There are 2 protein chains.
Amino acid sequence: MPLKVSDIGEKRLIKRILKKSTKNIFNSSFFDELSIKSMKDDAALINFGDHYLVLTSDILFKSAHFPEEMIPEQMGKKAVTVNVSDLAAMGADPIGIIVSLGLPKNMLLDDFDRLIDGIIDGCFEYEMMLIGGDTNESNELTICGTCLGIVEKDNVLMKSGARDGDVVAITGLLGLAAAGFEVLFNNLELNSASKEVLLSHALHPKAKSKEGILLAKTGSVTSATDITDGLAKEIGELIESNSGKIGITLYEDLLPIPEEVLEVTEKIDKNPLDLILYYGEDFELLLTIDKDIFSQIKDKISLYKIGSVTSSGKMIMVCKDGTKKILEPKGYEHLS
Amino acid sequence: MPLKVSDIGEKRLIKRILKKSTKNIFNSSFFDELSIKSMKDDAALINFGDHYLVLTSDILFKSAHFPEEMIPEQMGKKAVTVNVSDLAAMGADPIGIIVSLGLPKNMLLDDFDRLIDGIIDGCFEYEMMLIGGDTNESNELTICGTCLGIVEKDNVLMKSGARDGDVVAITGLLGLAAAGFEVLFNNLELNSASKEVLLSHALHPKAKSKEGILLAKTGSVTSATDITDGLAKEIGELIESNSGKIGITLYEDLLPIPEEVLEVTEKIDKNPLDLILYYGEDFELLLTIDKDIFSQIKDKISLYKIGSVTSSGKMIMVCKDGTKKILEPKGYEHLS
């Protein structure tokens with residue numbers, strides 16, 4: 001039987017594209033060594049004097065990305081947020097976004113207006129412009145955002161660069177969005193304060209844009225990525241980007257898992273670590289930071305240390321009982 | 001009954017977006033007066049020293065944009081070409097494209113590879129890089145390309161700027177792509193040379209990228225756009241962009257309609273002018289050019305004069321029999 005795209009999954013599809021796309025380099029003044037490397041990163045870097053222009057694109061389909069409970073404003077804002085999160089992971093300041101829409105013919109004009117309001121609200125939040133777009137007819141609502149940002153060359157953050165001994169840190173609590181989706185999918189009853197926190201993270205996520213820019217400027221962040229596809233998968237990416245020359249050890253008792261998440265996993269009888277490590281949808285940044293500077297940075301930006309960079313070549317978790325286990329870099333993968 | 005998006009059509013939807021998006025201007029060093037104006041143009045201009053960065057996005061869906069006869073390589077290349085054509089209309093040199101894909105789960109891996117080959121082939125043709133992308137699962141094949149280009153500020157071409165007396169010109173023959181689609185849809189028999197020319201324009205169009213860049217550098221092109229949505233509609237855009245202060249008169253006997261197109265319209269009993277004026281899909285540039293410089297430019301770049309800019313505020317066609325008629329700026333409009 002001939003292979004289908006779902007037989008190999010998103011990651012290997014992207015690798016097939018990269019293999020073809022880097023064969024010929026055109027306009028080489030715009031593409032230096034880091035630009036070529038960035039094609040495997042959260043966003044593409046275009047060489048521009050002292051700066052990199054940073055370009056990233058995400059395409060969202062209603063059936064796959066927007067739960068029934070999501071209102072049009074939230075869909076529009078999420079389409080902006082997923083793009084800004086990729087820029088934040090490179091330390092880039094957002095300039096503007098261009099949005100191409102596929103609209104079902106029978107979509108209510110009022111829902112369209114509300115969707116655009118959500119996009120504009122996202123632009124306002126991240127202090128950038130909606131600079132253009134395209135609308136077409138499609139069977140299901142489709143939002144493709146492409147975001148342009150800028151970062152000083154000296155400050156750019158990449159997935160590669162972590163060094164043995166660096167602190168591994170995260171910009172926020174883990175599992176809130178995943179728990180929020182579980183609340184929706186299982187129709188769970190919770191006290192209203194907890195429910196609000198969880199649903200807000202699931203339906204109305206925020207990118208850590210200011211944090212990414214500030215962290216990049218410290219000059220002490222050695223690598224970074226966002227964890228929207230899951231913490232374990234992204235830690236695997238940091239290891240792979242260093243050609244497996246580093247390892248990362250996580251400490252279970254350092255993982256910042258809020259009470260609301262534990263409340264949900266207890267109700268649905270799941271291990272909270274499954275939500276934390278493999279679910280994705282947390283719009284937080286994962287960072288490796290010079291260990292001598294970490295506490296200084298932590299004074300200025302809210303960060304949680306969750307582990308250390310090692311030379312083991314592996315992702316290891318030190319459990320609460322002191323035992324160690326090797327983690328697999330799995331997570332949310334499209335088309336698999 | 002509440003209004004649906006299909007009740008108002010693409011053009012008015014875009015106007016609704018613009019009205020909201022230009023309320024707050026962020027990062028104003030990147031957005032000058034022309035940038036704000038460009039949001040109604042073929043591509044967005046971002047202010048960058050002596051240059052504008054030029055950004056455009058197009059989303060294509062299999063059911064709406066790719067006829068059955070189109071092979072994967074042609075779909076990939078077309079997705080690149082539609083974007084480059086928008087850059088060409090601004091006089092911009094393409095730097096790179098980022099492509100987000102929605103792939104049906106059961107798409108053959110071989111077809112995926114061929115689609116990417118088409119995208120890479122397009123990048124090669126227009127001498128730019130495929131700089132990144134995203135893949136997701138979707139019900140129908142979806143290709144969203146976002147293309148980045150650059151143009152010197154002094155050279156940028158806009159839809160506005162035409163002056164009374166300018167020559168109206170086009171970069172190539174008219175109606176070939178439309179006739180090609182009619183050949184496909186009506187399964188017409190033609191001699192193989194004609195058929196090849198027509199199908200090549202329908203299935204394998206080429207953007208006038210080099211021509212757009214050269215024309216911009218002449219400094220004598222007063223306005224420009226591409227005519228992929230139809231000649232009459234785009235002439236209407238040039239008039240509207242000048243707040244209706246200009247008109248455009250076309251001369252039927254100047255319209256460059258090739259023999260192959262007439263052969264097709266005769267077979268299907270259609271007026272060739274319908275294909276030329278309202279069908280779209282010709283990847284040619286429509287230009288207004290200083291009348292004193294036109295013949296000099298024509299010596300270097302293949303151009304056809306099709307009319308003149310007037311002060312009538314209207315689009316008028318002088319027919320072969322000498323009568324005049326007013327044309328409506330209709331054409332292909334999505335979601336209507």
# chains A, B, ... in the order shown; residues from 1 in each chain; ligands from 1
$ select_by_dssp --residues "segment 35-241 of chain A" --states "strand (DSSP E)" --output "MDAnalysis selection string"
chainID A and resid 44:48 51:61 93:103 129:137 142:152 167:170 221:226
$ residues_around --residues "segment 67-76 of chain B" --least-positions-apart "4" --cutoff "12 Å" --atoms "only C-alpha atoms" --output "PyMOL selection string"
chain B and resi 59-63+80-83+99-101+107-123+130+141-145+180-185+187+199-206
$ closest_atom_pairs --of "chain A" --to "chain B" --cutoff "7 Å" --atoms "only C-alpha atoms" --output "Markdown table"
| residue | atom | partner | partner_atom | distance |
| --- | --- | --- | --- | --- |
| A:Pro2 | CA | B:Leu108 | CA | 7.0 |
| A:Leu3 | CA | B:Leu109 | CA | 5.5 |
| A:Lys4 | CA | B:Leu108 | CA | 4.2 |
| A:Val5 | CA | B:Leu109 | CA | 4.9 |
| A:Ser6 | CA | B:Lys105 | CA | 5.2 |
| A:Glu10 | CA | B:Thr135 | CA | 6.3 |
| A:Ile17 | CA | B:Ile116 | CA | 6.6 |
| A:Ser21 | CA | B:Leu130 | CA | 5.8 |
| A:Ile25 | CA | B:Met129 | CA | 6.6 |
| A:Phe26 | CA | B:Met128 | CA | 5.2 |
| A:Asn27 | CA | B:Met128 | CA | 6.5 |
| A:Met39 | CA | B:Gly132 | CA | 5.6 |
| A:Ala44 | CA | B:Ile131 | CA | 6.1 |
| A:Ser57 | CA | B:Gly133 | CA | 6.1 |
| A:Asp58 | CA | B:Asp134 | CA | 5.8 |
| A:Ile59 | CA | B:Ser100 | CA | 6.0 |
| A:Phe61 | CA | B:Ser138 | CA | 6.8 |
| A:Ile95 | CA | B:Asn27 | CA | 6.6 |
| A:Ile98 | CA | B:Ser57 | CA | 6.9 |
| A:Ser100 | CA | B:Ile59 | CA | 6.0 |
| A:Lys105 | CA | B:Ser6 | CA | 5.2 |
| A:Asn106 | CA | B:Lys4 | CA | 5.5 |
| A:Met107 | CA | B:Lys4 | CA | 5.5 |
| A:Leu108 | CA | B:Lys4 | CA | 4.2 |
| A:Leu109 | CA | B:Lys4 | CA | 4.7 |
| A:Ile116 | CA | B:Ile17 | CA | 6.6 |
| A:Ile120 | CA | B:Ser21 | CA | 6.3 |
| A:Glu127 | CA | B:Phe26 | CA | 5.7 |
| A:Met128 | CA | B:Phe26 | CA | 5.2 |
| A:Met129 | CA | B:Phe26 | CA | 6.1 |
| A:Leu130 | CA | B:Ser21 | CA | 5.8 |
| A:Ile131 | CA | B:Met39 | CA | 6.1 |
| A:Gly132 | CA | B:Met39 | CA | 5.6 |
| A:Gly133 | CA | B:Ser57 | CA | 6.0 |
| A:Asp134 | CA | B:Asp58 | CA | 5.9 |
| A:Thr135 | CA | B:Glu10 | CA | 6.3 |
| A:Asn136 | CA | B:His334 | CA | 5.6 |
| A:Glu137 | CA | B:Leu335 | CA | 5.5 |
| A:Ser138 | CA | B:Phe61 | CA | 6.8 |
| A:Cys144 | CA | B:Cys144 | CA | 6.8 |
| A:Thr146 | CA | B:Thr146 | CA | 6.9 |
| A:His334 | CA | B:Asn136 | CA | 5.6 |
| A:Leu335 | CA | B:Glu137 | CA | 5.5 |
$ residues_around --residues "segment 304-317 of chain B" --least-positions-apart "4" --cutoff "9 Å" --atoms "only C-alpha atoms" --output "JSON, numbers by chain"
{"B": [162, 163, 164, 165, 166, 167, 168, 169, 170, 171, 172, 173, 232, 235, 236, 239, 240, 243, 244, 245, 246, 247, 248, 249, 250, 251, 252, 253, 254, 255, 256, 288, 291, 294, 298, 323, 324, 325, 326, 327, 328, 329]}
$ atom_distance --atom1 "atom CA of Ala92 of chain B" --atom2 "atom CA of Ala177 of chain B"
24.1 Å
